[in-house]
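Asks: Just final-v7.cif, nothing more (mmCIF, C-alpha atoms):
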```cif
data_coords
#
loop_
_atom_site.label_atom_id
_atom_site.label_comp_id
_atom_site.auth_asym_id
_atom_site.auth_seq_id
_atom_site.Cartn_x
_atom_site.Cartn_y
_atom_site.Cartn_z
CA MET V 1 6.12 -13.98 -7.37
CA LYS V 2 4.56 -17.15 -6.09
CA LYS V 3 2.79 -19.57 -8.37
CA LYS V 4 -0.42 -17.93 -9.45
CA TRP V 5 -3.57 -19.55 -8.12
CA VAL V 6 -6.36 -19.62 -10.69
CA LEU V 7 -9.98 -19.42 -9.65
CA SER V 8 -12.30 -22.17 -10.77
CA GLN V 9 -15.60 -21.16 -12.34
CA GLU V 10 -17.39 -22.31 -9.17
CA GLN V 11 -15.13 -20.15 -6.97
CA PHE V 12 -15.55 -17.15 -9.24
CA ASP V 13 -19.34 -17.58 -9.24
CA ARG V 14 -19.30 -17.77 -5.46
CA LEU V 15 -17.27 -14.56 -5.27
CA LEU V 16 -19.66 -12.77 -7.60
CA ASN V 17 -22.62 -13.99 -5.57
CA TRP V 18 -20.99 -12.65 -2.40
CA LEU V 19 -20.43 -9.27 -4.06
CA ASP V 20 -24.05 -8.94 -5.19
CA LYS V 21 -26.99 -11.23 -5.88
CA ASP V 22 -27.54 -9.49 -9.23
CA ARG V 23 -24.93 -11.03 -11.56
CA GLU V 24 -24.43 -7.90 -13.65
CA LYS V 25 -23.96 -5.66 -10.60
CA ALA V 26 -21.62 -8.25 -9.12
CA GLY V 27 -19.48 -8.21 -12.28
CA MET V 28 -19.28 -4.42 -12.17
CA LYS V 29 -18.32 -4.52 -8.48
CA TYR V 30 -15.66 -7.13 -9.21
CA GLU V 31 -14.10 -4.95 -11.92
CA GLU V 32 -14.26 -1.87 -9.69
CA ILE V 33 -12.59 -3.74 -6.81
CA ARG V 34 -9.87 -5.11 -9.08
CA GLN V 35 -9.12 -1.67 -10.55
CA ARG V 36 -9.01 -0.07 -7.11
CA LEU V 37 -6.66 -2.78 -5.85
CA ILE V 38 -4.38 -2.24 -8.84
CA LYS V 39 -4.29 1.50 -8.08
CA TYR V 40 -3.60 0.70 -4.42
CA PHE V 41 -0.51 -1.32 -5.35
CA VAL V 42 0.64 1.07 -8.09
CA ALA V 43 0.51 3.95 -5.61
CA ARG V 44 2.91 1.99 -3.40
CA GLY V 45 5.34 1.43 -6.26
CA ALA V 46 4.65 -2.21 -7.08
CA ALA V 47 5.89 -3.19 -10.52
CA ASP V 48 3.50 -6.15 -10.62
CA ALA V 49 0.39 -4.41 -9.27
CA GLU V 50 -2.02 -6.51 -11.35
CA ASP V 51 -0.57 -9.75 -9.98
CA LEU V 52 -0.83 -8.43 -6.43
CA ALA V 53 -4.44 -7.39 -7.02
CA ASP V 54 -5.23 -10.87 -8.38
CA GLU V 55 -3.46 -12.45 -5.40
CA THR V 56 -5.62 -10.36 -3.07
CA ILE V 57 -8.82 -11.39 -4.86
CA ASN V 58 -7.73 -15.02 -4.83
CA ARG V 59 -7.11 -14.93 -1.07
CA VAL V 60 -10.48 -13.37 -0.37
CA THR V 61 -12.16 -15.95 -2.61
CA ASN V 62 -10.28 -18.76 -0.89
CA ARG V 63 -11.70 -17.63 2.48
CA LEU V 64 -15.26 -16.98 1.31
CA GLU V 65 -16.64 -20.02 3.07
CA GLU V 66 -15.42 -18.56 6.38
CA ILE V 67 -16.43 -14.94 5.81
CA GLU V 68 -19.54 -14.87 3.64
CA LYS V 69 -22.05 -15.79 6.35
CA ASP V 70 -20.82 -13.29 8.97
CA PHE V 71 -19.35 -10.38 7.05
CA THR V 72 -21.43 -7.23 6.81
CA GLY V 73 -20.54 -3.90 5.30
CA ASP V 74 -18.68 -2.71 2.24
CA ARG V 75 -16.85 -5.60 0.60
CA ILE V 76 -14.03 -3.38 -0.68
CA ARG V 77 -12.93 -2.75 2.91
CA TYR V 78 -12.31 -6.46 3.37
CA PHE V 79 -10.32 -6.57 0.14
CA TYR V 80 -8.21 -3.61 1.31
CA GLY V 81 -7.48 -5.39 4.59
CA VAL V 82 -6.23 -8.42 2.69
CA ALA V 83 -4.33 -6.15 0.27
CA GLN V 84 -2.42 -4.64 3.20
CA MET V 85 -1.25 -8.11 4.21
CA VAL V 86 -0.33 -8.99 0.62
CA TRP V 87 1.66 -5.73 0.41
CA LYS V 88 3.56 -6.47 3.64
CA GLU V 89 4.45 -9.92 2.34
CA TYR V 90 5.53 -8.42 -0.98
CA LEU V 91 7.91 -6.04 0.81
CA ARG V 92 9.59 -8.97 2.55
CA ARG V 93 10.25 -10.77 -0.73
CA PRO V 94 13.71 -10.41 -2.25
CA GLN V 95 13.44 -7.71 -4.89
CA PRO V 96 15.39 -7.83 -8.15
CA PRO V 97 18.26 -5.33 -8.28
CA GLU V 98 17.76 -2.03 -10.05
CA PRO V 99 19.05 -2.16 -13.63
CA PRO V 100 22.24 -0.14 -14.13
CA PRO V 101 21.84 3.27 -15.75
CA PRO V 102 22.43 3.38 -19.48
CA PRO V 103 25.96 4.30 -20.52
CA PRO V 104 26.42 7.98 -21.29
CA ASP V 105 26.09 9.02 -24.89
CA SER V 106 29.69 9.56 -26.01
CA SER V 107 28.70 12.17 -28.60
CA GLN V 108 26.98 14.26 -25.89
CA SER V 109 29.98 13.88 -23.62
CA GLU V 110 32.34 15.02 -26.39
CA GLN V 111 30.08 17.97 -27.19
CA LYS V 112 30.04 19.07 -23.54
CA HIS V 113 33.82 18.74 -23.36
CA ARG V 114 34.29 20.90 -26.49
CA CYS V 115 31.89 23.50 -25.10
CA LEU V 116 33.81 23.60 -21.81
CA GLU V 117 37.12 23.98 -23.66
CA GLU V 118 35.71 26.89 -25.69
CA CYS V 119 34.42 28.60 -22.56
CA ILE V 120 37.74 28.21 -20.77
CA GLN V 121 39.58 29.68 -23.77
CA GLN V 122 37.43 32.83 -23.50
CA LEU V 123 38.67 33.49 -19.96
CA SER V 124 41.63 35.72 -19.25
CA ALA V 125 44.90 33.92 -18.59
CA ASP V 126 44.65 34.64 -14.82
CA ASP V 127 41.04 33.41 -14.59
CA ARG V 128 41.90 30.35 -16.67
CA GLU V 129 44.74 29.60 -14.22
CA VAL V 130 42.38 29.94 -11.20
CA VAL V 131 39.82 27.57 -12.74
CA THR V 132 42.45 25.08 -13.77
CA GLN V 133 44.07 25.09 -10.33
CA TYR V 134 40.71 24.75 -8.61
CA TYR V 135 39.58 21.72 -10.62
CA PHE V 136 43.00 20.17 -11.27
CA PRO V 137 45.23 21.07 -8.31
CA GLN V 138 48.82 19.98 -8.63
CA GLU V 139 50.09 18.08 -5.64
#
```
Can you turn what I pasted into structure tokens?

Replies:
Amino acid sequence: MKKKWVLSQEQFDRLLNWLDKDREKAGMKYEEIRQRLIKYFVARGAADAEDLADETINRVTNRLEEIEKDFTGDRIRYFYGVAQMVWKEYLRRPQPPEPPPPPPDSSQSEQKHRCLEECIQQLSADDREVVTQYYFPQE
């Protein structure tokens, strides 16, 4: 992830003011938007959904001077538009490889093997021969 850009108090205040003139309502809207953005990224499988939500908010805040005088409508729609671009950029980033699966539990493996041996022993000699030839054909 890129270096995280931190909002200054002045930028954060400007964002809250853009969300609502009432400071308390603005704070509630901010939290709602952030939570919805996190869900947006989680639903797409992002491991760092909170960082992507913060990146989206930071980008909107960074462009407030350009958008605050002309933008009308529901603010969350603007955030979602920016979130789509953040998501597309995220998909282009090199992703860390999947961790390898944990090694099998040797005690479970041994138990399964013993169970299989016991089951094979309960077969008739002819059936045991068919199973053995099927799974271990001799060349």

Asks: Between atom CA of V:Val6 and atom CA of V:Tyr90, what is the spacing in Å?

Replies: 19.0 Å

Asks: V:Val60, V:Lys25, V:Ala125, V:Cys115: which is nearest V:Gly81, counting all atoms listed in the file?

Replies: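 Nearest to V:Gly81: V:Val60.
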
Asks: Which stretch 45-134 of chain V residues have any atom within 9 Å of an atom of stretch 30-36 of chain V, and for each, what is the nearest pair of atoms with distance in Å to one decimal, counting all atoms listed in the file, rows sorted by chain and number, as CSV?

Replies:
```
residue,atom,partner,partner_atom,distance
V:Glu50,CA,V:Arg34,CA,8.3
V:Ala53,CA,V:Arg34,CA,6.2
V:Asp54,CA,V:Arg34,CA,7.4
V:Ile57,CA,V:Arg34,CA,7.6
V:Arg75,CA,V:Ile33,CA,8.7
V:Ile76,CA,V:Ile33,CA,6.3
V:Phe79,CA,V:Ile33,CA,7.8
```

Asks: Okay, now the selection with C-alpha atoms, as a short mmCIF file (atom, residue, chain, number, x, y, z; two decimals), keeping the file's coordinate frame?

Replies:
```cif
data_model
loop_
_atom_site.label_atom_id
_atom_site.label_comp_id
_atom_site.auth_asym_id
_atom_site.auth_seq_id
_atom_site.Cartn_x
_atom_site.Cartn_y
_atom_site.Cartn_z
CA GLU V 50 -2.02 -6.51 -11.35
CA ALA V 53 -4.44 -7.39 -7.02
CA ASP V 54 -5.23 -10.87 -8.38
CA ILE V 57 -8.82 -11.39 -4.86
CA ARG V 75 -16.85 -5.60 0.60
CA ILE V 76 -14.03 -3.38 -0.68
CA PHE V 79 -10.32 -6.57 0.14
#
```

Asks: Excluding stretch 7-23 of chain V and its own-chain neighbours fewer than 2 positions away, which residues fall within 8 Å of it when counting all atoms listed in the file? Please give them as a list in words.

Replies: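 The neighbour list is Trp5, Lys25, Ala26, Gly27, Lys29, Tyr30, Asn58, Thr61, Asn62, Leu64, Glu68 and Arg75 of chain V.
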
Asks: Determine the residue set returned by the PyMOL selection byres ((chain V and resi 86) around 10) for the present structure, and present it as a ChimeraX atom specification.

Replies: /V:41,52-53,55-56,59,80-85,87-91

Asks: For stretch 82-99 of chain V, I'd like the enclosing box, axis-aligned and padded by 8 Å on every side, reported as JSON with centre and edge lengths in Å to one decimal.

Replies:
```
{"center_x": 6.4, "center_y": -6.4, "center_z": -4.7, "size_x": 41.3, "size_y": 24.7, "size_z": 33.8}
```

Asks: For atom CA of V:Arg44 and atom CA of V:Tyr78, quote the distance in Å rounded to one decimal.

Replies: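 Between atom CA of V:Arg44 and atom CA of V:Tyr78 the gap works out to 18.7 Å.
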
Asks: Expressed in Å to a single decimal, how great is the separation between atom CA of V:Asp51 and atom CA of V:Leu37?

Replies: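 Distance reported for this atom pair: 10.1 Å.
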
Asks: Of the candidates V:Gln95, V:Gln121, V:Arg114, V:Gln138, which shows the shortest atom-to-atom distance to V:Ala47, using only C-alpha atoms?

Replies: V:Gln95
